[in-house]
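Enquirer: Take a look at data22.cif, mmCIF, C-alpha atoms:
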```
data_structure
loop_
_atom_site.label_atom_id
_atom_site.label_comp_id
_atom_site.auth_asym_id
_atom_site.auth_seq_id
_atom_site.Cartn_x
_atom_site.Cartn_y
_atom_site.Cartn_z
CA MET A 1 27.50 56.68 -43.06
CA LYS A 2 28.89 59.21 -40.59
CA THR A 3 30.50 56.36 -38.64
CA ILE A 4 32.36 55.11 -41.72
CA VAL A 5 33.64 58.62 -42.51
CA THR A 6 34.82 58.93 -38.91
CA TYR A 7 36.64 55.59 -39.10
CA VAL A 8 38.52 56.64 -42.25
CA ARG A 9 39.34 60.13 -40.99
CA GLU A 10 40.72 58.79 -37.70
CA PHE A 11 42.80 56.21 -39.54
CA LEU A 12 44.32 58.80 -41.90
CA LEU A 13 45.10 61.16 -39.03
CA GLU A 14 46.69 58.36 -37.04
CA GLN A 15 48.70 56.85 -39.91
CA TRP A 16 49.48 60.00 -41.86
CA ASN A 17 53.13 60.22 -42.80
CA PRO A 18 53.99 62.30 -45.90
CA ALA A 19 57.14 60.34 -46.72
CA PHE A 20 55.35 56.99 -46.50
CA PHE A 21 52.36 58.06 -48.59
CA LEU A 22 54.70 59.60 -51.17
CA MET A 23 56.64 56.34 -51.46
CA VAL A 24 53.44 54.29 -51.77
CA GLY A 25 52.04 56.72 -54.36
CA THR A 26 55.26 56.48 -56.38
CA LEU A 27 55.22 52.66 -56.24
CA LEU A 28 51.59 52.50 -57.37
CA GLY A 29 52.22 55.10 -60.06
CA VAL A 30 55.07 53.07 -61.56
CA LEU A 31 53.10 49.81 -61.43
CA PHE A 32 49.98 51.37 -62.98
CA PHE A 33 52.03 53.01 -65.72
CA LEU A 34 53.83 49.77 -66.62
CA ASN A 35 50.60 47.79 -66.63
CA TYR A 36 48.33 50.14 -68.55
CA GLN A 37 51.01 51.42 -70.91
CA TYR A 38 52.81 48.15 -71.62
CA GLY A 39 50.43 45.42 -70.42
CA LEU A 40 52.74 44.27 -67.61
CA GLU A 41 50.57 41.48 -66.18
CA ARG A 42 49.07 40.23 -69.45
CA HIS A 43 52.48 40.19 -71.17
CA PHE A 44 53.95 37.76 -68.65
CA ILE A 45 50.85 35.59 -68.31
CA ASN A 46 50.66 35.12 -72.09
CA THR A 47 54.18 33.71 -72.06
CA LEU A 48 53.48 31.32 -69.15
CA SER A 49 51.15 28.62 -70.40
CA TYR A 50 51.78 26.18 -67.55
CA PRO A 51 50.04 26.65 -64.16
CA ALA A 52 53.27 26.34 -62.12
CA GLY A 53 54.83 29.26 -63.99
CA GLN A 54 51.73 31.38 -63.50
CA ILE A 55 51.70 30.63 -59.77
CA ALA A 56 55.35 31.70 -59.46
CA PHE A 57 54.67 34.88 -61.42
CA TYR A 58 51.59 35.82 -59.40
CA PHE A 59 53.40 35.19 -56.12
CA LEU A 60 56.17 37.63 -57.04
CA PHE A 61 53.73 40.05 -58.70
CA TYR A 62 51.77 40.55 -55.44
CA PHE A 63 54.34 39.67 -52.80
CA VAL A 64 57.13 42.02 -53.89
CA PRO A 65 55.00 45.25 -53.91
CA TYR A 66 53.45 44.15 -50.61
CA ILE A 67 56.87 43.78 -48.97
CA LEU A 68 58.12 47.01 -50.58
CA THR A 69 55.17 48.81 -48.99
CA HIS A 70 56.03 47.39 -45.57
CA THR A 71 59.65 48.42 -46.12
CA ALA A 72 58.58 51.94 -47.05
CA GLN A 73 56.47 52.09 -43.91
CA ALA A 74 59.39 50.91 -41.77
CA LEU A 75 61.66 53.53 -43.33
CA ALA A 76 59.12 56.31 -42.83
CA VAL A 77 58.48 55.57 -39.14
CA ARG A 78 62.02 54.27 -38.48
CA ASP A 79 60.72 51.07 -36.97
CA PHE A 80 61.98 47.82 -38.51
CA SER A 81 60.82 45.52 -35.72
CA VAL A 82 58.07 43.91 -37.82
CA LEU A 83 60.45 43.08 -40.67
CA ARG A 84 62.69 41.27 -38.18
CA LYS A 85 59.93 38.91 -37.06
CA ARG A 86 59.97 35.40 -38.50
CA GLU A 87 56.20 35.13 -37.98
CA PHE A 88 55.62 38.11 -40.27
CA TRP A 89 57.60 36.51 -43.10
CA THR A 90 56.07 33.08 -42.60
CA LEU A 91 52.54 34.49 -42.56
CA SER A 92 53.22 36.75 -45.57
CA ILE A 93 54.70 33.96 -47.68
CA PHE A 94 51.85 31.63 -46.75
CA GLY A 95 49.21 34.25 -47.56
CA PHE A 96 50.64 35.22 -50.93
CA LEU A 97 51.15 31.62 -51.96
CA VAL A 98 47.43 31.14 -51.27
CA LEU A 99 46.64 34.26 -53.33
CA ALA A 100 48.92 33.20 -56.20
CA VAL A 101 47.32 29.76 -56.45
CA TYR A 102 43.87 31.35 -56.15
CA ILE A 103 44.52 33.72 -59.07
CA ALA A 104 46.17 31.01 -61.21
CA LEU A 105 43.24 28.65 -60.60
CA HIS A 106 41.03 31.05 -62.55
CA ASN A 107 42.98 30.03 -65.64
CA GLY A 108 42.95 26.32 -64.72
CA PRO A 109 39.63 25.25 -66.30
CA TRP A 110 40.52 27.09 -69.53
CA TYR A 111 43.93 25.42 -69.55
CA LEU A 112 42.29 22.00 -69.13
CA LEU A 113 39.74 22.78 -71.84
CA ARG A 114 42.61 23.49 -74.25
CA THR A 115 44.93 20.66 -73.24
CA ASP A 116 42.56 17.87 -72.17
CA PRO A 117 39.07 18.44 -73.60
CA SER A 118 38.09 14.90 -72.63
CA LEU A 119 37.49 16.18 -69.10
CA PHE A 120 34.53 18.12 -70.52
CA GLU A 121 33.08 15.21 -72.49
CA GLY A 122 29.93 15.23 -70.37
CA VAL A 123 29.21 18.80 -71.49
CA SER A 124 28.12 19.60 -75.04
CA ARG A 125 30.66 21.61 -77.06
CA ASN A 126 28.46 24.74 -77.09
CA PHE A 127 28.37 24.76 -73.29
CA GLN A 128 32.00 23.87 -72.54
CA PRO A 129 33.29 27.48 -72.42
CA PHE A 130 30.40 28.37 -70.12
CA ALA A 131 31.24 25.42 -67.83
CA ALA A 132 34.90 26.47 -67.77
CA ARG A 133 33.93 30.06 -66.99
CA CYS A 134 31.77 29.03 -64.02
CA ALA A 135 34.38 26.56 -62.76
CA SER A 136 37.03 29.28 -62.91
CA ASN A 137 35.06 31.18 -60.27
CA ILE A 138 33.91 28.33 -58.04
CA LEU A 139 37.10 26.24 -57.86
CA PRO A 140 39.40 29.01 -56.54
CA LEU A 141 36.95 29.92 -53.74
CA THR A 142 36.35 26.29 -52.78
CA LEU A 143 39.95 25.13 -52.80
CA MET A 144 41.81 28.16 -51.44
CA SER A 145 39.42 28.82 -48.54
CA ILE A 146 40.66 25.53 -47.06
CA PRO A 147 44.23 26.59 -46.12
CA LEU A 148 42.96 29.89 -44.67
CA PHE A 149 40.37 28.01 -42.60
CA VAL A 150 42.98 25.50 -41.38
CA TYR A 151 45.34 28.32 -40.38
CA TRP A 152 42.53 30.06 -38.48
CA GLN A 153 41.63 26.80 -36.73
CA LYS A 154 45.20 26.28 -35.54
CA VAL A 155 46.20 29.86 -34.72
CA ASP A 156 43.36 32.37 -34.40
CA ARG A 157 40.24 30.41 -33.53
CA GLY A 158 40.33 31.45 -29.89
CA ALA A 159 40.98 35.10 -30.71
CA MET A 160 38.33 35.89 -33.33
CA PRO A 161 35.59 34.50 -35.57
CA LEU A 162 36.75 33.25 -38.96
CA TYR A 163 38.54 36.38 -40.26
CA GLY A 164 35.66 38.80 -40.30
CA PHE A 165 32.69 36.45 -40.66
CA SER A 166 30.85 38.15 -37.82
CA ALA A 167 27.82 40.44 -37.93
CA LYS A 168 27.76 41.26 -34.21
CA THR A 169 29.84 44.41 -34.40
CA ILE A 170 28.63 46.03 -37.61
CA ASP A 171 25.57 47.95 -38.75
CA LEU A 172 24.86 46.90 -42.34
CA ARG A 173 22.41 49.70 -43.20
CA PRO A 174 25.06 52.30 -44.22
CA TYR A 175 26.36 49.94 -46.91
CA LEU A 176 22.93 49.75 -48.52
CA VAL A 177 22.83 53.57 -48.53
CA ILE A 178 26.28 53.65 -50.18
CA LEU A 179 25.06 51.30 -52.90
CA LEU A 180 22.12 53.59 -53.64
CA LEU A 181 24.48 56.58 -53.89
CA LEU A 182 26.74 54.69 -56.30
CA ILE A 183 24.00 53.90 -58.83
CA PRO A 184 24.37 57.20 -60.79
CA LEU A 185 28.18 56.80 -60.84
CA VAL A 186 28.01 53.25 -62.21
CA LEU A 187 25.48 54.29 -64.84
CA GLY A 188 27.69 57.19 -65.90
CA VAL A 189 30.82 55.02 -66.20
CA SER A 190 28.86 52.43 -68.19
CA PHE A 191 28.94 54.77 -71.23
CA THR A 192 32.75 54.54 -71.51
CA PRO A 193 34.30 52.17 -74.09
CA ASP A 194 36.52 50.44 -71.50
CA PHE A 195 33.50 49.58 -69.38
CA GLN A 196 31.47 48.30 -72.32
CA HIS A 197 34.39 46.12 -73.42
CA ALA A 198 34.68 44.51 -69.98
CA TYR A 199 31.03 44.25 -68.89
CA PRO A 200 28.77 42.41 -68.52
CA ARG A 201 31.09 39.57 -67.60
CA PHE A 202 28.55 36.90 -68.49
CA LYS A 203 29.05 37.59 -72.21
CA PHE A 204 32.46 35.85 -72.15
CA GLY A 205 32.02 32.16 -72.89
CA PHE A 206 28.22 32.39 -72.86
CA PRO A 207 26.44 29.62 -74.83
CA GLU A 208 25.47 30.77 -78.33
CA TYR A 209 22.37 28.63 -78.73
CA LEU A 210 19.77 28.56 -75.96
CA GLY A 211 16.16 27.50 -75.95
CA PRO A 212 13.24 29.75 -74.98
CA GLY A 213 13.53 30.86 -71.38
CA GLU A 214 17.01 29.37 -70.89
CA ARG A 215 19.01 32.58 -71.18
CA PRO A 216 17.87 34.08 -67.81
CA VAL A 217 18.61 30.75 -66.09
CA TYR A 218 22.15 30.59 -67.44
CA ILE A 219 22.77 34.24 -66.63
CA GLY A 220 21.59 33.57 -63.06
CA VAL A 221 23.90 30.55 -62.73
CA PHE A 222 26.85 32.54 -64.03
CA GLU A 223 26.20 35.50 -61.72
CA LEU A 224 26.08 33.21 -58.68
CA CYS A 225 29.43 31.72 -59.67
CA TYR A 226 30.83 35.16 -60.47
CA GLY A 227 29.78 36.44 -57.06
CA ALA A 228 31.82 33.72 -55.36
CA ASP A 229 34.96 35.63 -56.36
CA PHE A 230 33.99 38.65 -54.34
CA VAL A 231 33.34 36.63 -51.20
CA PHE A 232 36.87 35.22 -51.32
CA VAL A 233 38.39 38.62 -52.13
CA GLU A 234 36.87 40.09 -48.96
CA PHE A 235 37.79 36.98 -46.97
CA PHE A 236 41.43 37.21 -48.06
CA PHE A 237 42.13 40.96 -48.27
CA ARG A 238 39.92 42.45 -45.56
CA GLY A 239 39.78 39.29 -43.48
CA PHE A 240 43.13 37.53 -43.61
CA LEU A 241 45.50 40.35 -44.64
CA VAL A 242 44.00 42.77 -42.10
CA LEU A 243 42.74 40.66 -39.19
CA ALA A 244 45.26 37.78 -39.19
CA PHE A 245 48.08 40.36 -39.30
CA ALA A 246 46.46 42.59 -36.67
CA ARG A 247 48.36 41.12 -33.73
CA LEU A 248 51.65 41.87 -35.52
CA LEU A 249 50.83 45.15 -37.25
CA GLY A 250 47.59 46.63 -35.97
CA PRO A 251 46.33 49.33 -38.38
CA ARG A 252 49.69 49.24 -40.20
CA ALA A 253 48.39 46.15 -42.01
CA ILE A 254 45.92 48.20 -44.06
CA ILE A 255 48.01 50.19 -46.56
CA PRO A 256 50.12 47.21 -47.73
CA MET A 257 46.85 45.30 -48.19
CA VAL A 258 45.50 48.14 -50.33
CA VAL A 259 48.56 48.01 -52.60
CA ALA A 260 48.17 44.26 -53.16
CA TYR A 261 44.41 44.64 -53.60
CA SER A 262 44.78 47.27 -56.32
CA LEU A 263 46.99 44.88 -58.32
CA ILE A 264 44.27 42.24 -58.68
CA HIS A 265 42.36 44.83 -60.75
CA PHE A 266 45.06 45.19 -63.39
CA GLU A 267 42.97 43.38 -66.00
CA LYS A 268 40.03 45.68 -65.32
CA PRO A 269 39.45 49.15 -66.85
CA LEU A 270 41.87 51.79 -65.55
CA LEU A 271 39.19 53.80 -63.73
CA GLU A 272 38.02 50.69 -61.89
CA ALA A 273 41.59 49.81 -60.90
CA LEU A 274 42.21 53.33 -59.59
CA SER A 275 38.97 53.36 -57.63
CA SER A 276 40.00 50.07 -55.99
CA ILE A 277 42.68 51.99 -54.08
CA VAL A 278 40.05 54.13 -52.34
CA GLY A 279 37.62 51.25 -51.97
CA GLY A 280 40.29 48.95 -50.55
CA LEU A 281 41.34 51.59 -48.03
CA VAL A 282 37.80 52.26 -46.83
CA LEU A 283 36.90 48.58 -46.55
CA GLY A 284 40.20 47.80 -44.84
CA VAL A 285 39.61 50.48 -42.21
CA ILE A 286 36.07 49.21 -41.64
CA SER A 287 37.30 45.63 -41.24
CA SER A 288 40.00 46.72 -38.80
CA ARG A 289 37.55 48.70 -36.67
CA THR A 290 34.50 46.39 -36.75
CA ARG A 291 36.29 43.01 -37.12
CA SER A 292 33.70 42.16 -39.78
CA ILE A 293 33.88 41.76 -43.56
CA TYR A 294 30.13 41.58 -44.16
CA GLY A 295 29.92 45.24 -45.12
CA GLY A 296 32.61 44.71 -47.73
CA ILE A 297 30.86 41.63 -49.09
CA ILE A 298 27.59 43.57 -49.44
CA LEU A 299 29.31 46.46 -51.23
CA HIS A 300 31.37 44.21 -53.48
CA LEU A 301 28.45 42.04 -54.54
CA GLY A 302 26.15 45.04 -54.88
CA ILE A 303 28.56 47.01 -57.07
CA ALA A 304 29.30 43.91 -59.18
CA CYS A 305 25.59 43.38 -59.70
CA MET A 306 25.06 47.02 -60.73
CA MET A 307 27.97 46.83 -63.17
CA GLU A 308 26.57 43.65 -64.73
CA ILE A 309 23.14 45.26 -65.14
CA ALA A 310 24.62 48.50 -66.50
CA GLY A 311 26.80 46.52 -68.93
CA ALA A 312 23.81 44.46 -70.09
CA LEU A 313 21.80 47.63 -70.72
CA GLN A 314 24.63 48.94 -72.93
CA MET A 315 24.76 45.77 -75.06
#
```
Let me see the file written as structure tokens.

Expert:
Amino acid sequence: MKTIVTYVREFLLEQWNPAFFLMVGTLLGVLFFLNYQYGLERHFINTLSYPAGQIAFYFLFYFVPYILTHTAQALAVRDFSVLRKREFWTLSIFGFLVLAVYIALHNGPWYLLRTDPSLFEGVSRNFQPFAARCASNILPLTLMSIPLFVYWQKVDRGAMPLYGFSAKTIDLRPYLVILLLLIPLVLGVSFTPDFQHAYPRFKFGFPEYLGPGERPVYIGVFELCYGADFVFVEFFFRGFLVLAFARLLGPRAIIPMVVAYSLIHFEKPLLEALSSIVGGLVLGVISSRTRSIYGGIILHLGIACMMEIAGALQM
């Protein structure tokens, strides 16, 4: 635990720049206000029924704030060398295309269920929403890990393990302690209306009619599929956006990653989205220092599990 605190303190001391942090805070403040006051993300997605339109929207939605953060950083430190590198732009565009397709794929099974129900003919009508819900978690992880793996094979294989999938340089025990300390906080937040509306996630699309003993089995299947999301999130944000960019940016890769990471929480309760800023920063620093994302995976899956349990207890 002390090691993690030291990592974060050293990072903040090294990267501290009042002008830069003010610009990032202003950018996040505007984006959070527009989203939670006017439903920024949901408004556009509801008007884009076709996957191609959603992919284009999500690319701009994440890419533009990410680049604005890099621009703010360059202005604050008066160093524009990174923004002049073709490799930075190529890697950024590639990464955020992967992210945009990944996010849009979550809507893909639901889109197919509405437009071509024949694809679900092998599943009884009562279970079709459940099948779509599970597929919306598994398909994005399965399909969008491929381009990241191929890029690593061609570019970074000799320099590092697959973007943080290494346990050699990290002590996992502090993360278990953190999870224990977070239990009272999760339980406290579970009494808020926003939390109870959003959790447990398994209640969305869950089969209405189940035989004796089937409910725990289906909940278990859903939670395994749901957990797949968090593995990819760590792989992409703390692995790819931090470690693949390390040779270009070093620790300067972390804050822009945090900005993009906070935006993927814009359909979650406000408190959860705000806490993602701190969580993303801490996990990004840990990934940068240890070259491992396993700690982040443990925390992400552990917190998700606690929130599901807390939500179920409130039902």

Enquirer: Once the PyMOL selection byres ((chain A and resi 92) around 9) has been evaluated on this model, what residues remain selected, and can you format them as a list in words?

Expert: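 Output of the PyMOL selection byres ((chain A and resi 92) around 9): Phe63, Tyr66, Ile67, Glu87, Phe88, Trp89, Thr90, Leu91, Ile93, Phe94, Gly95, Phe96, Leu97, Leu241 and Phe245 of chain A.
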
Enquirer: Need the shell around segment 159-174 of chain A: protein/DNA/RNA residues with any atom at most 8 Å away, counting all atoms listed in the file. Skip same-chain ones fewer than 2 positions apart. Format as a PyMOL selection string?

Expert: chain A and resi 1+149+152+156-157+176-178+235+238-240+243-244+287+290-295

Enquirer: Atom CA of Phe130 of chain A and atom CA of His300 of chain A are how many Å apart?

Expert: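 Atom CA of His300 of chain A lies 23.0 Å from atom CA of Phe130 of chain A.
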
Enquirer: What would the selection look like, as a PDB file with C-alpha atoms, in the coordinates of the input, if the PyMOL selection byres ((chain A and resi 195) around 10) were run on the coordinates I just shared?

Expert:
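That gives us part.pdb:
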```pdb
ATOM      1  CA  VAL A 186      28.010  53.250 -62.210  1.00  0.00           C
ATOM      2  CA  VAL A 189      30.820  55.020 -66.200  1.00  0.00           C
ATOM      3  CA  SER A 190      28.860  52.430 -68.190  1.00  0.00           C
ATOM      4  CA  PHE A 191      28.940  54.770 -71.230  1.00  0.00           C
ATOM      5  CA  THR A 192      32.750  54.540 -71.510  1.00  0.00           C
ATOM      6  CA  PRO A 193      34.300  52.170 -74.090  1.00  0.00           C
ATOM      7  CA  ASP A 194      36.520  50.440 -71.500  1.00  0.00           C
ATOM      8  CA  GLN A 196      31.470  48.300 -72.320  1.00  0.00           C
ATOM      9  CA  HIS A 197      34.390  46.120 -73.420  1.00  0.00           C
ATOM     10  CA  ALA A 198      34.680  44.510 -69.980  1.00  0.00           C
ATOM     11  CA  TYR A 199      31.030  44.250 -68.890  1.00  0.00           C
ATOM     12  CA  PRO A 200      28.770  42.410 -68.520  1.00  0.00           C
ATOM     13  CA  LYS A 268      40.030  45.680 -65.320  1.00  0.00           C
ATOM     14  CA  PRO A 269      39.450  49.150 -66.850  1.00  0.00           C
ATOM     15  CA  LEU A 270      41.870  51.790 -65.550  1.00  0.00           C
ATOM     16  CA  LEU A 271      39.190  53.800 -63.730  1.00  0.00           C
ATOM     17  CA  GLU A 272      38.020  50.690 -61.890  1.00  0.00           C
ATOM     18  CA  MET A 307      27.970  46.830 -63.170  1.00  0.00           C
ATOM     19  CA  ALA A 310      24.620  48.500 -66.500  1.00  0.00           C
ATOM     20  CA  GLY A 311      26.800  46.520 -68.930  1.00  0.00           C
ATOM     21  CA  GLN A 314      24.630  48.940 -72.930  1.00  0.00           C
TER      22      GLN A 314
END
```

Enquirer: Just checking: using only C-alpha atoms, which residue out of A:Phe61, A:Gly108, A:Phe44, A:Arg201 ends up closest to Tyr261 of chain A?

Expert: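 Among the listed residues, the smallest separation from Tyr261 of chain A belongs to A:Phe61.
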
Enquirer: When you look at Ile277 of chain A with a cut-off of 12 Å (counting only C-alpha atoms), what residues show up, excluding the ones that are within fewer than 6 positions of it in the same chain? I need them as a list in words.

Expert: Val24, Gly25, Leu28, Gly29, Phe32, Ile254, Ile255, Pro256, Met257, Val258, Val259, Ala260, Tyr261, Ser262, Leu263, Ile264, His265, Phe266, Leu270, Leu271, Leu283 and Gly284 of chain A

Enquirer: Looking at A:Tyr58, A:Tyr50, A:Arg86, A:Val30, which one is nearest to Arg114 of chain A, with distances taken over all atoms listed in the file?

Expert: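 Among A:Tyr58, A:Tyr50, A:Arg86, A:Val30, it is A:Tyr50 that comes nearest to Arg114 of chain A.
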
Enquirer: Choose the residue, out of A:Leu148, A:Leu281, A:Leu274, A:Leu22, that has the smallest atom-to-atom separation from Ala253 of chain A; count only C-alpha atoms.

Expert: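 For Ala253 of chain A, the nearest of the candidates is A:Leu281.
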
Enquirer: What does the structure give for the distance between atom CA of Phe21 of chain A and atom CA of Glu267 of chain A, in Å to one decimal?

Expert: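 Separating atom CA of Phe21 of chain A from atom CA of Glu267 of chain A is a distance of 24.6 Å.
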
Enquirer: With a distance cut-off of 8 Å and only C-alpha atoms, select the neighbouring residues of Leu139 of chain A, excluding the residue or stretch itself and same-chain residues fewer than 3 positions from it, and output the selection as a compact mmCIF listing (two decimals) with C-alpha atoms, keeping the file's coordinate frame.

Expert:
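Ended up saving to selection.txt:
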```txt
# COMPACT_ATOMS: atom_id res chain seq x y z
CA LEU A 105 43.24 28.65 -60.60
CA HIS A 106 41.03 31.05 -62.55
CA ALA A 135 34.38 26.56 -62.76
CA SER A 136 37.03 29.28 -62.91
CA THR A 142 36.35 26.29 -52.78
CA LEU A 143 39.95 25.13 -52.80
```

Enquirer: Write out as a VMD selection string the residues lying within 8 Å of Gly302 of chain A, counting all atoms listed in the file and excluding same-chain residues fewer than 4 positions away.

Expert: chain A and resid 179 298 306

Enquirer: Give as a PDB file with C-alpha atoms, in the frame of the given file every residue, naming chains and numbers as the document does, that has an atom within 12 Å of (46.0, 26.3, -73.9), counting only C-alpha atoms.

Expert:
```
ATOM      1  CA  ILE A  45      50.850  35.590 -68.310  1.00  0.00           C
ATOM      2  CA  ASN A  46      50.660  35.120 -72.090  1.00  0.00           C
ATOM      3  CA  THR A  47      54.180  33.710 -72.060  1.00  0.00           C
ATOM      4  CA  LEU A  48      53.480  31.320 -69.150  1.00  0.00           C
ATOM      5  CA  SER A  49      51.150  28.620 -70.400  1.00  0.00           C
ATOM      6  CA  TYR A  50      51.780  26.180 -67.550  1.00  0.00           C
ATOM      7  CA  PRO A  51      50.040  26.650 -64.160  1.00  0.00           C
ATOM      8  CA  ASN A 107      42.980  30.030 -65.640  1.00  0.00           C
ATOM      9  CA  GLY A 108      42.950  26.320 -64.720  1.00  0.00           C
ATOM     10  CA  PRO A 109      39.630  25.250 -66.300  1.00  0.00           C
ATOM     11  CA  TRP A 110      40.520  27.090 -69.530  1.00  0.00           C
ATOM     12  CA  TYR A 111      43.930  25.420 -69.550  1.00  0.00           C
ATOM     13  CA  LEU A 112      42.290  22.000 -69.130  1.00  0.00           C
ATOM     14  CA  LEU A 113      39.740  22.780 -71.840  1.00  0.00           C
ATOM     15  CA  ARG A 114      42.610  23.490 -74.250  1.00  0.00           C
ATOM     16  CA  THR A 115      44.930  20.660 -73.240  1.00  0.00           C
ATOM     17  CA  ASP A 116      42.560  17.870 -72.170  1.00  0.00           C
ATOM     18  CA  PRO A 117      39.070  18.440 -73.600  1.00  0.00           C
TER      19      PRO A 117
END
```

Enquirer: Which residues, written as number ranges by chain, have at least one atom at most 12 Å from Leu301 of chain A, with all atoms listed in the file counted and residues fewer than 2 positions away on the same chain left out?

Expert: A: 175-176, 179, 223-234, 294-299, 303-308

Enquirer: Using only C-alpha atoms, please write the residues we just selected to a file, as a compact mmCIF listing (two decimals), in the frame of the given file.

Expert:
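Contents of out-v5.txt, freshly written:
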```
# COMPACT_ATOMS: atom_id res chain seq x y z
CA TYR A 175 26.36 49.94 -46.91
CA LEU A 176 22.93 49.75 -48.52
CA LEU A 179 25.06 51.30 -52.90
CA GLU A 223 26.20 35.50 -61.72
CA LEU A 224 26.08 33.21 -58.68
CA CYS A 225 29.43 31.72 -59.67
CA TYR A 226 30.83 35.16 -60.47
CA GLY A 227 29.78 36.44 -57.06
CA ALA A 228 31.82 33.72 -55.36
CA ASP A 229 34.96 35.63 -56.36
CA PHE A 230 33.99 38.65 -54.34
CA VAL A 231 33.34 36.63 -51.20
CA PHE A 232 36.87 35.22 -51.32
CA VAL A 233 38.39 38.62 -52.13
CA GLU A 234 36.87 40.09 -48.96
CA TYR A 294 30.13 41.58 -44.16
CA GLY A 295 29.92 45.24 -45.12
CA GLY A 296 32.61 44.71 -47.73
CA ILE A 297 30.86 41.63 -49.09
CA ILE A 298 27.59 43.57 -49.44
CA LEU A 299 29.31 46.46 -51.23
CA ILE A 303 28.56 47.01 -57.07
CA ALA A 304 29.30 43.91 -59.18
CA CYS A 305 25.59 43.38 -59.70
CA MET A 306 25.06 47.02 -60.73
CA MET A 307 27.97 46.83 -63.17
CA GLU A 308 26.57 43.65 -64.73
```

Enquirer: State, in Å with one decimal place, the distance from atom CA of Arg252 of chain A to atom CA of Gln54 of chain A.

Expert: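 These two atoms are separated by 29.4 Å.
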
Enquirer: Which residue gives the smallest distance to Cys134 of chain A among A:Pro18, A:Gly205, A:Pro147, A:Pro251, with all atoms listed in the file counted?

Expert: A:Gly205

Enquirer: Identify all residues satisfying the PyMOL selection byres ((chain A and resi 5-12) around 9) in the given file; provide them as a list of chain:residue names.

Expert: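 Output from the PyMOL selection byres ((chain A and resi 5-12) around 9), applied to this file: A:Met1, A:Lys2, A:Thr3, A:Ile4, A:Leu13, A:Glu14, A:Gln15, A:Trp16, A:Asn17, A:Pro251, A:Leu281, A:Val282, A:Val285, A:Ile286, A:Arg289.
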
Enquirer: Could you write out the selected residues, including C-alpha atoms, as a short mmCIF file (atom, residue, chain, number, x, y, z; two decimals), keeping the file's coordinate frame?

Expert:
```
data_model
loop_
_atom_site.label_atom_id
_atom_site.label_comp_id
_atom_site.auth_asym_id
_atom_site.auth_seq_id
_atom_site.Cartn_x
_atom_site.Cartn_y
_atom_site.Cartn_z
CA MET A 1 27.50 56.68 -43.06
CA LYS A 2 28.89 59.21 -40.59
CA THR A 3 30.50 56.36 -38.64
CA ILE A 4 32.36 55.11 -41.72
CA LEU A 13 45.10 61.16 -39.03
CA GLU A 14 46.69 58.36 -37.04
CA GLN A 15 48.70 56.85 -39.91
CA TRP A 16 49.48 60.00 -41.86
CA ASN A 17 53.13 60.22 -42.80
CA PRO A 251 46.33 49.33 -38.38
CA LEU A 281 41.34 51.59 -48.03
CA VAL A 282 37.80 52.26 -46.83
CA VAL A 285 39.61 50.48 -42.21
CA ILE A 286 36.07 49.21 -41.64
CA ARG A 289 37.55 48.70 -36.67
#
```
